[in-house]
Amino acid sequence: MSSQISGQPATAAEYLPLSFGFALHQIGAAVSSLGVLDALADGPRTAAQLVEVTDAHAGSLRRLLYAATKAKLLTVDSEGYHLAPLSAFFGPLSDYHAAPEIWAAWGAFEESIRTGVDAFQIANGAPLFDYIKTNPKLAATFHAAMSAGSDAQVPAIVEHFDFSRFKTIVDCGGGKGTHLTAILAANPHLQGTIFDTANGVVEAAAVIEDAGVGDRCEVVVGSFFDSVPEGADLYVLKNILHDWNDEESVQILSNIRKAMAPGGRVVVLSSVLSEGEDEDPGDALGGAISDIEMLVMTTGLERSQSEYAQLFTDAGLKLSTATALPCPWLYYALEATAS
């Protein structure tokens, strides 16, 4: 095959992320899970101090710290090690991807491609969302990772999507409520409901209390495959439908269609796959990687805007507005009404 390749040979900066991306991830995951990032949050520390804080093997930790500086996760000077900007992307999300069950799922990726069965189920014997119902540790890691991603997106959503038009909001799959409580805080006239499974809302009461919106926010436990709370004029699905295949997504949307108040709306907040060639290469790659992650972990997939429009149609809804949001990976607010 090499004889057919034209142009200059690939540089180390080009091939290392592809050939050794797994190692780069584990370097970041290890400095997070060992507590190095937390220890450096208050200021620089020497290698000896980090050995003491982490209770790690001194020689091995020094090698990890060296690798982390070369990966640009940390910097080092005469004061010791410091956090680099890239380290902000490690934490709950990297802890989730380093969990043994998740790591094993990626090991079954090729079999998933060959069979069409999600790799998590191949590796662990049950679909992800069934598995975490009986595994509190992975459930907590999963929800922490989802919340971390939500925290990064929430400010842009609250600022650039007009929630002031509505009176009552149901955040379907709203987890601990980071997203909805931020919306309520910015819109004092709104009433809201966090709707999720029992293990999804474990921390919701504390988040509601901290946000000071307890008089305007309730928590309802249930499954959006069965039904959703009735009578709201806006239903939010943030990073939800990409977890589910088309049939499952239509079922969720159909249940919302049945429950919404007259004139009600649903907004899907999600990355959207580009249908052209003019997108930012980083955003395009991020969307493609996210789509592969859905293939590995769930029955779901990332979709283009036209594919979302078809889901809405199949559920008795109509895409009315697509608003680009200033978040990574071609992130949109896709708003639909009853057709």
# chains A, B, ... in the order shown; residues from 1 in each chain; ligands from 1
>>> residues_around(residues="region 84-86 of chain A", least_positions_apart="5", cutoff="10 Å", atoms="only C-alpha atoms", output="number ranges by chain")
A: 28, 37, 68-69, 71-76
>>> residues_around(residues="region 61-65 of chain A", least_positions_apart="6", cutoff="12 Å", atoms="only C-alpha atoms", output="VMD selection string")
chain A and resid 23 to 24 26 to 32 34 to 37 45 to 55 71 to 76 80 to 83
>>> closest_residue(among="A:Gln305, A:Ser274, A:Asn199, A:Thr181", to="Thr134 (chain A)", atoms="only C-alpha atoms")
A:Asn199
>>> residues_around(residues="Thr313 (chain A)", least_positions_apart="2", cutoff="12 Å", atoms="only C-alpha atoms", output="ChimeraX atom specification")
/A:246,249-250,253-254,257,306-311,315-320,336-339
>>> select_by_dssp(residues="region 18-157 of chain A", states="strand (DSSP E or B)", output="ChimeraX atom specification")
/A:45,74-77,80-83
>>> closest_atom_pairs(of="region 53-100 of chain A", to="region 143-161 of chain A", cutoff="12 Å", atoms="only C-alpha atoms", output="tab-separated table")
residue	atom	partner	partner_atom	distance
A:Ala88	CA	A:Ala148	CA	10.6
A:Phe89	CA	A:Ala148	CA	9.5
A:Phe90	CA	A:Ala148	CA	9.9
A:Gly91	CA	A:Ala145	CA	8.1
A:Pro92	CA	A:Ala145	CA	4.6
A:Leu93	CA	A:Ala145	CA	4.4
A:Ser94	CA	A:Ala145	CA	7.9
A:Asp95	CA	A:Ala145	CA	7.7
A:Tyr96	CA	A:Ala145	CA	6.3
A:His97	CA	A:Ala145	CA	9.0
A:Ala98	CA	A:Ala145	CA	11.4
A:Ala99	CA	A:Ala145	CA	11.5
